[in-house]
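Undergrad: Just data.csv, nothing more (CSV, C-alpha atoms and all ligand atoms):
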```
chain,number,residue,atom,x,y,z
C,5,MET,CA,2.1,-31.5,4.4
C,6,ALA,CA,1.9,-27.8,3.4
C,7,GLU,CA,-1.8,-28.5,2.4
C,8,GLU,CA,-2.6,-29.4,6.0
C,9,TRP,CA,-1.1,-26.2,7.5
C,10,ASP,CA,-3.3,-23.5,8.6
C,11,VAL,CA,-3.2,-20.4,6.4
C,12,ARG,CA,-1.4,-18.5,9.1
C,13,THR,CA,1.4,-21.0,9.1
C,14,ARG,CA,1.5,-21.2,5.3
C,15,LEU,CA,1.8,-17.5,4.9
C,16,VAL,CA,4.8,-17.3,7.2
C,17,GLN,CA,6.4,-20.5,6.0
C,18,ALA,CA,6.3,-19.5,2.3
C,19,ASP,CA,9.3,-17.3,2.7
C,20,ALA,CA,11.5,-19.9,4.2
C,21,ASP,CA,14.0,-21.6,1.9
C,22,SER,CA,15.6,-24.6,3.6
C,23,GLU,CA,19.1,-24.1,2.2
C,24,GLU,CA,21.8,-23.0,4.6
C,25,GLY,CA,22.5,-19.3,4.3
C,26,ALA,CA,19.3,-18.6,2.4
C,27,PRO,CA,17.5,-15.4,3.4
C,28,LEU,CA,14.3,-15.9,5.4
C,29,ASN,CA,12.6,-13.0,3.5
C,30,THR,CA,12.1,-12.8,-0.3
C,31,PRO,CA,14.9,-10.8,-1.9
C,32,LEU,CA,13.9,-7.7,-3.9
C,33,VAL,CA,15.1,-8.0,-7.5
C,34,LEU,CA,15.4,-4.7,-9.3
C,35,SER,CA,16.3,-5.4,-12.9
C,36,THR,CA,14.4,-4.4,-16.0
C,37,THR,CA,16.2,-6.9,-18.3
C,38,PHE,CA,17.7,-10.3,-18.0
C,39,ARG,CA,20.5,-12.2,-19.7
C,40,ALA,CA,19.1,-13.9,-22.8
C,41,HIS,CA,20.3,-16.5,-25.4
C,42,PRO,CA,20.2,-16.1,-29.2
C,43,GLU,CA,18.1,-19.3,-29.5
C,44,GLY,CA,16.0,-18.5,-26.4
C,45,VAL,CA,12.9,-16.5,-26.0
C,46,GLY,CA,11.9,-14.4,-29.1
C,47,PHE,CA,11.0,-10.7,-29.1
C,48,SER,CA,7.2,-11.1,-29.4
C,49,ALA,CA,5.0,-11.4,-26.3
C,50,GLU,CA,3.6,-14.5,-28.0
C,51,ASP,CA,7.0,-16.2,-27.8
C,52,MET,CA,6.7,-16.3,-24.0
C,53,GLY,CA,5.9,-19.7,-22.8
C,54,GLU,CA,5.0,-20.8,-19.2
C,55,GLU,CA,8.5,-22.0,-18.5
C,56,SER,CA,10.3,-19.2,-20.3
C,57,PRO,CA,13.2,-17.6,-18.4
C,58,TYR,CA,12.9,-14.0,-17.3
C,59,PHE,CA,13.5,-11.8,-20.4
C,60,TYR,CA,12.2,-8.2,-19.9
C,61,ALA,CA,10.5,-6.7,-16.8
C,62,ARG,CA,7.2,-5.8,-18.6
C,63,TRP,CA,6.7,-9.5,-19.1
C,64,SER,CA,7.6,-10.9,-15.7
C,65,THR,CA,10.1,-10.4,-12.9
C,66,PRO,CA,11.2,-12.7,-10.0
C,67,THR,CA,9.8,-10.6,-7.1
C,68,VAL,CA,6.4,-10.1,-8.8
C,69,ARG,CA,6.4,-13.8,-9.8
C,70,THR,CA,6.9,-14.8,-6.2
C,71,LEU,CA,4.0,-12.6,-5.1
C,72,GLU,CA,1.8,-14.1,-7.9
C,73,ARG,CA,2.5,-17.6,-6.7
C,74,ARG,CA,1.7,-16.7,-3.1
C,75,LEU,CA,-1.5,-14.9,-4.1
C,76,ALA,CA,-2.6,-17.9,-6.3
C,77,GLU,CA,-2.1,-20.3,-3.4
C,78,LEU,CA,-3.9,-18.0,-0.9
C,79,ASP,CA,-7.0,-17.8,-3.2
C,80,GLY,CA,-6.9,-21.5,-4.1
C,81,GLY,CA,-6.3,-20.7,-7.8
C,82,GLU,CA,-3.9,-22.3,-10.2
C,83,ASP,CA,-2.1,-19.1,-10.9
C,84,ALA,CA,-2.2,-15.3,-10.5
C,85,LEU,CA,-1.3,-12.3,-12.5
C,86,CYS,CA,-0.3,-9.0,-10.9
C,87,PHE,CA,-1.0,-5.5,-12.3
C,88,ALA,CA,0.1,-2.0,-11.3
C,89,SER,CA,-3.3,-1.3,-9.5
C,90,GLY,CA,-6.7,-2.8,-8.9
C,91,MET,CA,-8.1,-0.8,-11.8
C,92,ALA,CA,-5.4,-2.1,-14.1
C,93,ALA,CA,-6.3,-5.7,-13.2
C,94,ILE,CA,-10.0,-4.9,-13.9
C,95,THR,CA,-9.5,-3.2,-17.2
C,96,GLY,CA,-6.9,-5.7,-18.3
C,97,LEU,CA,-9.3,-8.6,-17.7
C,98,LEU,CA,-12.3,-6.9,-19.3
C,99,LEU,CA,-10.4,-5.8,-22.4
C,100,HIS,CA,-9.0,-9.3,-22.7
C,101,LEU,CA,-12.3,-11.2,-22.4
C,102,LEU,CA,-14.7,-8.9,-24.1
C,103,GLY,CA,-14.9,-7.6,-27.7
C,104,PRO,CA,-17.5,-6.0,-30.0
C,105,GLY,CA,-20.8,-7.9,-29.9
C,106,ASP,CA,-20.1,-9.6,-26.5
C,107,HIS,CA,-22.4,-9.0,-23.6
C,108,LEU,CA,-21.4,-8.2,-20.0
C,109,VAL,CA,-23.7,-8.6,-17.0
C,110,ILE,CA,-22.3,-6.4,-14.1
C,111,SER,CA,-23.3,-5.5,-10.6
C,112,ASP,CA,-25.2,-2.2,-10.7
C,113,VAL,CA,-23.2,-1.1,-7.7
C,114,CYS,CA,-19.5,-1.6,-8.0
C,115,TYR,CA,-16.2,0.3,-7.6
C,116,ALA,CA,-16.7,3.7,-9.3
C,117,GLY,CA,-13.6,3.3,-11.5
C,118,ALA,CA,-14.9,0.0,-12.8
C,119,ALA,CA,-18.4,1.3,-13.5
C,120,GLU,CA,-17.1,4.4,-15.3
C,121,PHE,CA,-14.7,2.3,-17.4
C,122,VAL,CA,-17.5,-0.1,-18.4
C,123,ARG,CA,-20.2,2.4,-19.2
C,124,GLY,CA,-17.7,4.6,-21.1
C,125,LYS,CA,-14.8,2.9,-22.9
C,126,LEU,CA,-16.1,-0.7,-22.9
C,127,ARG,CA,-19.4,0.4,-24.5
C,128,ARG,CA,-17.5,2.5,-27.1
C,129,PHE,CA,-15.6,-0.7,-28.0
C,130,GLY,CA,-18.9,-2.3,-28.9
C,131,VAL,CA,-19.5,-4.4,-25.7
C,132,GLU,CA,-23.2,-4.6,-24.7
C,133,VAL,CA,-23.5,-4.0,-20.9
C,134,SER,CA,-26.4,-4.9,-18.6
C,135,PRO,CA,-26.0,-3.5,-15.0
C,136,VAL,CA,-28.3,-5.5,-12.7
C,137,ASP,CA,-28.7,-5.9,-9.0
C,138,THR,CA,-26.7,-9.1,-8.7
C,139,SER,CA,-27.9,-9.7,-5.1
C,140,ASP,CA,-31.2,-10.6,-6.9
C,141,LEU,CA,-30.7,-13.9,-8.7
C,142,ALA,CA,-33.9,-13.5,-10.8
C,143,GLN,CA,-32.4,-10.3,-12.3
C,144,VAL,CA,-29.1,-12.1,-13.1
C,145,ARG,CA,-31.0,-14.9,-14.7
C,146,ALA,CA,-33.2,-12.6,-16.8
C,147,ALA,CA,-30.2,-10.6,-18.0
C,148,LEU,CA,-28.2,-13.5,-19.4
C,149,ARG,CA,-28.2,-13.8,-23.2
C,150,PRO,CA,-26.6,-16.2,-25.7
C,151,ASN,CA,-23.8,-13.7,-26.3
C,152,THR,CA,-23.1,-13.1,-22.5
C,153,ARG,CA,-19.4,-13.8,-22.1
C,154,LEU,CA,-18.9,-12.6,-18.6
C,155,VAL,CA,-20.8,-11.9,-15.3
C,156,TYR,CA,-18.9,-9.4,-13.1
C,157,ILE,CA,-19.7,-9.0,-9.5
C,158,GLU,CA,-18.3,-7.3,-6.5
C,159,THR,CA,-19.1,-8.7,-3.0
C,160,PRO,CA,-19.3,-7.1,-0.5
C,161,CYS,CA,-19.7,-4.2,-2.9
C,162,ASN,CA,-18.0,-0.9,-2.4
C,163,PRO,CA,-19.4,1.3,-0.9
C,164,ILE,CA,-22.8,0.0,0.2
C,165,LEU,CA,-21.8,-3.5,1.4
C,166,LYS,CA,-24.5,-5.4,-0.5
C,167,LEU,CA,-23.6,-9.0,-1.0
C,168,THR,CA,-24.0,-11.3,-4.0
C,169,ASP,CA,-24.3,-15.1,-3.6
C,170,VAL,CA,-21.2,-16.2,-5.5
C,171,GLU,CA,-22.1,-19.9,-5.7
C,172,ALA,CA,-25.6,-19.2,-7.1
C,173,VAL,CA,-24.4,-16.6,-9.7
C,174,ALA,CA,-21.5,-18.9,-10.7
C,175,ALA,CA,-24.0,-21.7,-11.5
C,176,LEU,CA,-26.3,-19.3,-13.5
C,177,ALA,CA,-23.3,-17.9,-15.4
C,178,HIS,CA,-21.9,-21.3,-16.3
C,179,GLU,CA,-25.4,-22.6,-17.3
C,180,ALA,CA,-25.5,-19.7,-19.8
C,181,GLY,CA,-22.0,-20.4,-21.1
C,182,ALA,CA,-20.5,-17.3,-19.5
C,183,ARG,CA,-17.6,-16.9,-17.0
C,184,LEU,CA,-17.8,-15.3,-13.6
C,185,ALA,CA,-15.3,-12.7,-12.3
C,186,VAL,CA,-15.5,-11.6,-8.6
C,187,ASP,CA,-13.9,-8.5,-7.2
C,188,ALA,CA,-13.3,-9.7,-3.6
C,189,THR,CA,-11.2,-6.7,-2.5
C,190,LEU,CA,-13.3,-5.9,0.5
C,191,ALA,CA,-13.4,-9.6,1.7
C,192,THR,CA,-9.8,-10.6,0.9
C,193,PRO,CA,-9.0,-14.3,0.5
C,194,ILE,CA,-9.3,-14.6,4.2
C,195,GLY,CA,-13.0,-13.6,4.1
C,196,LEU,CA,-14.2,-15.1,0.8
C,197,ARG,CA,-13.2,-18.2,-1.3
C,198,PRO,CA,-14.7,-17.3,-4.8
C,199,ILE,CA,-12.8,-20.1,-6.6
C,200,ALA,CA,-14.1,-22.7,-4.3
C,201,LEU,CA,-17.6,-21.3,-4.8
C,202,GLY,CA,-17.3,-21.6,-8.6
C,203,ALA,CA,-15.8,-18.3,-9.8
C,204,ASP,CA,-13.5,-18.3,-12.8
C,205,PHE,CA,-11.5,-15.2,-12.0
C,206,VAL,CA,-10.9,-13.4,-8.7
C,207,ILE,CA,-9.8,-9.8,-8.6
C,208,HIS,CA,-8.2,-7.9,-5.7
C,209,SER,CA,-7.0,-4.4,-5.3
C,210,LEU,CA,-3.7,-5.2,-3.5
C,211,THR,CA,-3.7,-1.5,-2.5
C,212,LYS,CA,-6.3,-2.3,0.2
C,213,TYR,CA,-6.2,-5.0,2.9
C,214,ILE,CA,-3.7,-7.3,1.2
C,215,GLY,CA,-1.0,-4.6,1.0
C,216,GLY,CA,-2.6,-3.3,4.2
C,217,HIS,CA,-0.1,-0.5,5.0
C,218,GLY,CA,-1.3,2.3,2.8
C,219,ASP,CA,2.1,2.4,1.0
C,220,ALA,CA,1.7,0.5,-2.3
C,221,LEU,CA,-0.6,0.3,-5.2
C,222,GLY,CA,-1.3,-3.1,-6.9
C,223,GLY,CA,-3.9,-5.4,-8.3
C,224,VAL,CA,-4.2,-9.1,-9.1
C,225,VAL,CA,-6.3,-11.5,-11.1
C,226,VAL,CA,-6.4,-15.1,-9.9
C,227,GLY,CA,-7.6,-18.0,-12.1
C,228,ARG,CA,-6.6,-20.9,-14.3
C,229,ARG,CA,-3.0,-21.2,-15.5
C,230,THR,CA,-3.7,-21.2,-19.2
C,231,GLU,CA,-6.2,-18.4,-19.1
C,232,LEU,CA,-3.8,-16.2,-17.1
C,233,ALA,CA,-1.0,-17.0,-19.5
C,234,ALA,CA,-3.2,-15.7,-22.3
C,235,LEU,CA,-4.2,-12.7,-20.1
C,236,ARG,CA,-0.5,-11.9,-19.6
C,237,GLN,CA,0.3,-12.1,-23.3
C,238,ASP,CA,-2.8,-10.3,-24.7
C,239,SER,CA,-3.3,-7.8,-22.0
C,240,LEU,CA,-0.7,-7.2,-19.3
C,241,ILE,CA,2.3,-7.1,-21.6
C,242,HIS,CA,0.7,-4.8,-24.2
C,243,LEU,CA,-1.2,-2.5,-21.9
C,244,GLY,CA,2.0,-2.3,-19.9
C,245,ALA,CA,0.4,-1.7,-16.4
C,246,VAL,CA,2.7,-4.1,-14.7
C,247,LEU,CA,3.4,-4.2,-11.0
C,248,SER,CA,6.9,-3.0,-10.2
C,249,PRO,CA,9.2,-5.1,-8.0
C,250,PHE,CA,9.3,-2.7,-5.1
C,251,PRO,CA,5.6,-2.4,-4.4
C,252,ALA,CA,5.4,-6.2,-5.0
C,253,TRP,CA,8.0,-6.7,-2.3
C,254,LEU,CA,6.1,-4.4,0.1
C,255,ILE,CA,2.9,-6.4,-0.5
C,256,LEU,CA,4.9,-9.7,0.0
C,257,ARG,CA,6.1,-8.3,3.3
C,258,SER,CA,2.4,-7.7,4.3
C,259,LEU,CA,1.1,-11.2,3.5
C,260,PRO,CA,2.2,-13.1,6.7
C,261,THR,CA,0.1,-10.6,8.8
C,262,LEU,CA,-3.0,-10.7,6.7
C,263,PRO,CA,-5.0,-13.2,8.7
C,264,GLN,CA,-4.3,-11.4,12.0
C,265,ARG,CA,-5.0,-8.0,10.5
C,266,MET,CA,-8.3,-9.2,9.1
C,267,ALA,CA,-9.3,-10.8,12.4
C,268,SER,CA,-8.5,-7.4,14.1
C,269,HIS,CA,-10.3,-5.3,11.5
C,270,ALA,CA,-13.4,-7.5,11.7
C,271,ALA,CA,-13.5,-7.7,15.5
C,272,THR,CA,-13.1,-4.0,15.9
C,273,ALA,CA,-15.6,-3.3,13.1
C,274,ARG,CA,-18.2,-5.4,14.9
C,275,GLU,CA,-17.8,-3.4,18.1
C,276,VAL,CA,-17.9,-0.1,16.4
C,277,ALA,CA,-20.9,-1.1,14.3
C,278,ALA,CA,-22.7,-2.2,17.4
C,279,PHE,CA,-21.9,1.1,19.0
C,280,LEU,CA,-23.1,3.1,16.0
C,281,GLU,CA,-26.4,1.1,16.0
C,282,THR,CA,-27.2,2.5,19.4
C,283,HIS,CA,-26.2,6.1,18.6
C,284,PRO,CA,-29.2,8.4,18.3
C,285,ARG,CA,-27.8,10.5,15.4
C,286,VAL,CA,-27.0,7.5,13.3
C,287,HIS,CA,-29.4,5.1,11.4
C,288,HIS,CA,-29.2,2.3,8.9
C,289,VAL,CA,-25.9,0.9,10.1
C,290,LEU,CA,-24.7,-1.8,7.7
C,291,TYR,CA,-22.1,-4.3,8.6
C,292,PRO,CA,-22.1,-7.9,7.2
C,293,GLY,CA,-21.0,-9.2,10.7
C,294,LEU,CA,-24.2,-7.9,12.4
C,295,ASP,CA,-27.5,-9.8,12.4
C,296,SER,CA,-29.2,-6.6,11.3
C,297,HIS,CA,-27.5,-6.8,7.8
C,298,PRO,CA,-30.3,-7.6,5.4
C,299,GLN,CA,-28.2,-10.5,4.0
C,300,ALA,CA,-26.8,-11.7,7.4
C,301,GLU,CA,-27.7,-15.3,6.4
C,302,LEU,CA,-25.7,-15.1,3.2
C,303,ALA,CA,-22.8,-13.4,5.1
C,304,ARG,CA,-22.7,-16.3,7.6
C,305,ARG,CA,-22.8,-18.8,4.7
C,306,GLN,CA,-20.1,-17.3,2.5
C,307,LEU,CA,-17.9,-14.9,4.5
C,308,HIS,CA,-15.3,-16.4,6.8
C,309,ASN,CA,-14.3,-12.9,7.9
C,310,THR,CA,-16.7,-10.0,7.6
C,311,SER,CA,-13.9,-7.4,7.1
C,312,GLY,CA,-13.5,-3.9,8.4
C,313,MET,CA,-16.0,-1.9,6.3
C,314,ILE,CA,-19.1,-0.3,7.9
C,315,CYS,CA,-21.6,2.1,6.4
C,316,PHE,CA,-24.2,4.2,8.0
C,317,GLN,CA,-26.6,7.1,7.4
C,318,ALA,CA,-27.1,10.2,9.5
C,319,LYS,CA,-29.6,13.1,9.5
C,320,ASP,CA,-28.2,16.3,7.9
C,321,ALA,CA,-25.4,14.1,6.5
C,322,PRO,CA,-23.5,16.9,4.8
C,323,ALA,CA,-23.2,18.9,8.1
C,324,VAL,CA,-22.3,15.7,10.0
C,325,ALA,CA,-19.6,15.1,7.4
C,326,ARG,CA,-18.1,18.5,7.9
C,327,ARG,CA,-18.2,18.0,11.7
C,328,LEU,CA,-16.6,14.6,11.5
C,329,ALA,CA,-13.8,16.0,9.2
C,330,GLU,CA,-13.1,18.8,11.7
C,331,ARG,CA,-13.5,16.9,15.0
C,332,LEU,CA,-12.2,13.4,14.5
C,333,LYS,CA,-8.8,12.8,15.9
C,334,VAL,CA,-8.2,9.0,15.6
C,335,VAL,CA,-10.3,8.4,12.5
C,336,LYS,CA,-9.0,10.3,9.4
C,337,TYR,CA,-11.4,11.9,6.9
C,338,ALA,CA,-10.1,10.3,3.7
C,339,VAL,CA,-10.9,7.9,0.9
C,340,SER,CA,-9.7,4.4,0.4
C,341,LEU,CA,-9.8,1.5,2.9
C,342,GLY,CA,-7.8,-1.4,4.3
C,343,LYS,CA,-5.1,0.6,6.0
C,344,PRO,CA,-3.7,0.6,9.6
C,345,HIS,CA,-5.6,4.0,10.0
C,346,SER,CA,-9.4,4.1,10.3
C,347,LEU,CA,-10.8,6.2,7.5
C,348,ILE,CA,-14.2,7.8,7.0
C,349,PHE,CA,-15.7,9.4,3.9
C,350,TYR,CA,-19.2,10.6,3.0
C,351,LEU,CA,-20.6,9.4,-0.3
C,352,PRO,CA,-23.8,11.3,-1.4
C,353,THR,CA,-26.1,9.1,-3.4
C,354,GLU,CA,-26.1,11.9,-6.1
C,355,ASP,CA,-22.3,11.5,-6.5
C,356,MET,CA,-22.6,7.7,-6.6
C,357,GLN,CA,-25.1,8.0,-9.4
C,358,ARG,CA,-22.8,10.3,-11.3
C,359,THR,CA,-20.0,7.8,-11.2
C,360,SER,CA,-22.1,4.7,-11.7
C,361,PHE,CA,-24.3,3.3,-14.4
C,362,GLN,CA,-27.4,5.2,-15.6
C,363,LEU,CA,-29.9,3.0,-13.9
C,364,PRO,CA,-33.5,2.5,-14.7
C,365,PRO,CA,-35.9,3.9,-12.1
C,366,GLU,CA,-36.5,0.5,-10.5
C,367,LEU,CA,-32.8,0.0,-9.7
C,368,LEU,CA,-32.4,3.6,-8.6
C,369,GLU,CA,-35.2,3.1,-6.1
C,370,ARG,CA,-33.5,0.0,-4.8
C,371,TYR,CA,-30.3,1.9,-4.4
C,372,ARG,CA,-32.1,4.7,-2.4
C,373,ALA,CA,-33.9,2.1,-0.3
C,374,TRP,CA,-30.5,0.8,0.7
C,375,ALA,CA,-28.3,4.0,0.9
C,376,GLY,CA,-30.8,6.8,1.4
C,377,ASP,CA,-29.4,10.2,0.3
C,378,GLY,CA,-25.9,9.1,1.1
C,379,ILE,CA,-23.8,6.9,3.3
C,380,PHE,CA,-20.7,7.3,5.5
C,381,ARG,CA,-18.2,4.7,4.6
C,382,LEU,CA,-16.0,3.8,7.5
C,383,SER,CA,-12.9,1.6,7.0
C,384,ILE,CA,-11.8,0.3,10.4
C,385,GLY,CA,-8.1,0.3,10.9
C,386,LEU,CA,-5.9,-1.4,13.6
C,387,GLU,CA,-6.5,1.1,16.4
C,388,ALA,CA,-8.1,0.0,19.7
C,389,PRO,CA,-11.9,-0.3,19.5
C,390,LYS,CA,-12.5,1.9,22.6
C,391,ASP,CA,-10.5,4.8,21.2
C,392,LEU,CA,-12.4,4.6,17.9
C,393,ILE,CA,-15.7,4.6,19.7
C,394,ARG,CA,-14.7,7.5,21.9
C,395,ASP,CA,-13.5,9.5,18.9
C,396,LEU,CA,-16.7,8.9,17.0
C,397,GLU,CA,-18.8,9.7,20.1
C,398,GLN,CA,-17.2,13.1,20.6
C,399,ALA,CA,-17.3,14.0,16.9
C,400,LEU,CA,-21.0,13.0,16.5
C,401,ALA,CA,-22.0,15.0,19.6
C,402,PRO,CA,-24.2,18.1,18.7
C,501,LIG,C1,-9.9,0.3,-4.6
C,501,LIG,C2,-10.7,-0.7,-5.3
C,501,LIG,C3,-10.5,-1.0,-6.6
C,501,LIG,C4,-9.4,-0.3,-7.4
C,501,LIG,O1,-8.1,-0.5,-6.9
C,501,LIG,P1,-6.9,0.5,-7.1
C,501,LIG,O2,-5.7,-0.3,-6.6
C,501,LIG,O3,-7.2,1.7,-6.4
C,501,LIG,O4,-6.8,0.7,-8.6
C,501,LIG,C5,-11.2,-1.9,-7.2
C,501,LIG,N1,-12.2,-2.6,-6.6
C,501,LIG,C6,-12.5,-2.3,-5.3
C,501,LIG,C7,-13.6,-3.0,-4.6
C,501,LIG,C8,-11.8,-1.3,-4.6
C,501,LIG,O5,-12.1,-1.0,-3.3
```
Take the structure from the file and write it as structure tokens.

TA:
Amino acid sequence: MAEEWDVRTRLVQADADSEEGAPLNTPLVLSTTFRAHPEGVGFSAEDMGEESPYFYARWSTPTVRTLERRLAELDGGEDALCFASGMAAITGLLLHLLGPGDHLVISDVCYAGAAEFVRGKLRRFGVEVSPVDTSDLAQVRAALRPNTRLVYIETPCNPILKLTDVEAVAALAHEAGARLAVDATLATPIGLRPIALGADFVIHSLTKYIGGHGDALGGVVVGRRTELAALRQDSLIHLGAVLSPFPAWLILRSLPTLPQRMASHAATAREVAAFLETHPRVHHVLYPGLDSHPQAELARRQLHNTSGMICFQAKDAPAVARRLAERLKVVKYAVSLGKPHSLIFYLPTEDMQRTSFQLPPELLERYRAWAGDGIFRLSIGLEAPKDLIRDLEQALAP
């Protein structure tokens, strides 16, 4: 029966225990240790089985476990494993899957923290790394080698909203004996179903749309039960970047409103993007929900919600950035995304290249063709579209 329910119903229903007197909301359990038995779980992380009782909070806690079950269900995965942040989820997964001599194929444009970690630490640990434009399947195919263990993509990618065909890349990766991990933070499980499209692991920064209120950091990896049990033992427990119960509880509280928030973010983003397209001081507006997006066909095929992220270019961008920071009233000049507040931030291409991979000239040219000298990244919040448009109009005026 639960299978037949719409996601909106399932997300609300998940909290309801049918016992008389049971709370309708998930209780927050704050305990770092749990009563044990001398013949029970041993002291090594390796002694922890799937059915083990709670033992110590760095291994697992009830509130976080509830969130993991909900997130697994939401993404259509067997299980999920939460981390203290999106970055902790990414580094935890990469350090678990990759070792010296292994090869990683990764999107040439992805979250700056992920790119910096991969090109620095991961390479120092002896992992071979090939950054490629994963929106181009021929590049992905050409980069695969016998020792490729993982293909890592981000779609839509932060900050330039380029898309990668998850289904096609999953097929290429699997053919080569590699796994596919997808950072779907910008799309959320409402917008993209990576597991149904063939991905082995899905990553979300819970700090963004899933938490949705700008008050909690968190990250998650969704995937197969046995693989996540190994990830918990090998990575989460030893790296120690566990999600604490309180932010987990805040994120649980946010889940029932996720579908409505995403619908609102996307509908408003479409209106604001259409307005920006007509504005004389703005050019190259990119929004996956507009027909003008270079990959609109792929967006229609794989995105069920085109999310709330817009990027655009402007002439004299640094001066425009200063003006926007000074004049905007509704939109805040700040980093991050997926909050109730609309946020805007200017990302010069030079900065992006400093925080990303050292790309060969051909890939640099592709980046410039897409992003020019820099882009404004606009994260649409939950405000009324007409107020956002009016605010942007007055701030963009000469
Ligand atoms: C923010 C973000 C991350 C990192 O998440 P944190 O929770 O800030 O550590 C990873 N990937 C994407 C796409 C992001 O936007």

Undergrad: Write out as a ChimeraX atom specification which residues come within 8 Å of Leu201 of chain C when counting only C-alpha atoms, dropping same-chain ones fewer than 5 positions away.

TA: /C:170-171,174

Undergrad: Keeping C-alpha atoms for every residue in the selection just given, could you write it to a file as a JSON list (two decimals), keeping the file's coordinate frame?

TA:
```
[["chain", "number", "residue", "atom", "x", "y", "z"],
["C", 170, "VAL", "CA", -21.20, -16.20, -5.50],
["C", 171, "GLU", "CA", -22.10, -19.90, -5.70],
["C", 174, "ALA", "CA", -21.50, -18.90, -10.70]]
```

Undergrad: Considering only C-alpha atoms, can you say which of C:Leu176, C:Ala375, C:Val45, C:Met356 comes closest to Ala142 of chain C?

TA: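 Using only C-alpha atoms, the shortest distance to Ala142 of chain C belongs to C:Leu176.
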
Undergrad: Is it possible to get the axis-aligned box enclosing segment 196-203 of chain C (all listed atoms, 6 Å extra per side) as AutoDock Vina command-line options, with centre and edge lengths in Å rounded to one decimal?

TA:
```
--center_x -15.2 --center_y -18.9 --center_z -4.5 --size_x 16.8 --size_y 19.6 --size_z 22.6
```

Undergrad: With all atoms listed in the file as the basis for distance, which of C:Gln306, C:Ser383, C:Ser346, C:Ser134 is at the shortest distance from ligand LIG 501 (chain C)?

TA: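 Result for the nearest residue to ligand LIG 501 (chain C): C:Ser383.
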
Undergrad: I need the residue nearest Tyr371 of chain C from this list: C:Lys166, C:His242, C:Lys212, C:Arg394. Use only C-alpha atoms for the distance.

TA: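 Once distances to Tyr371 of chain C are computed over only C-alpha atoms, the minimum belongs to C:Lys166.
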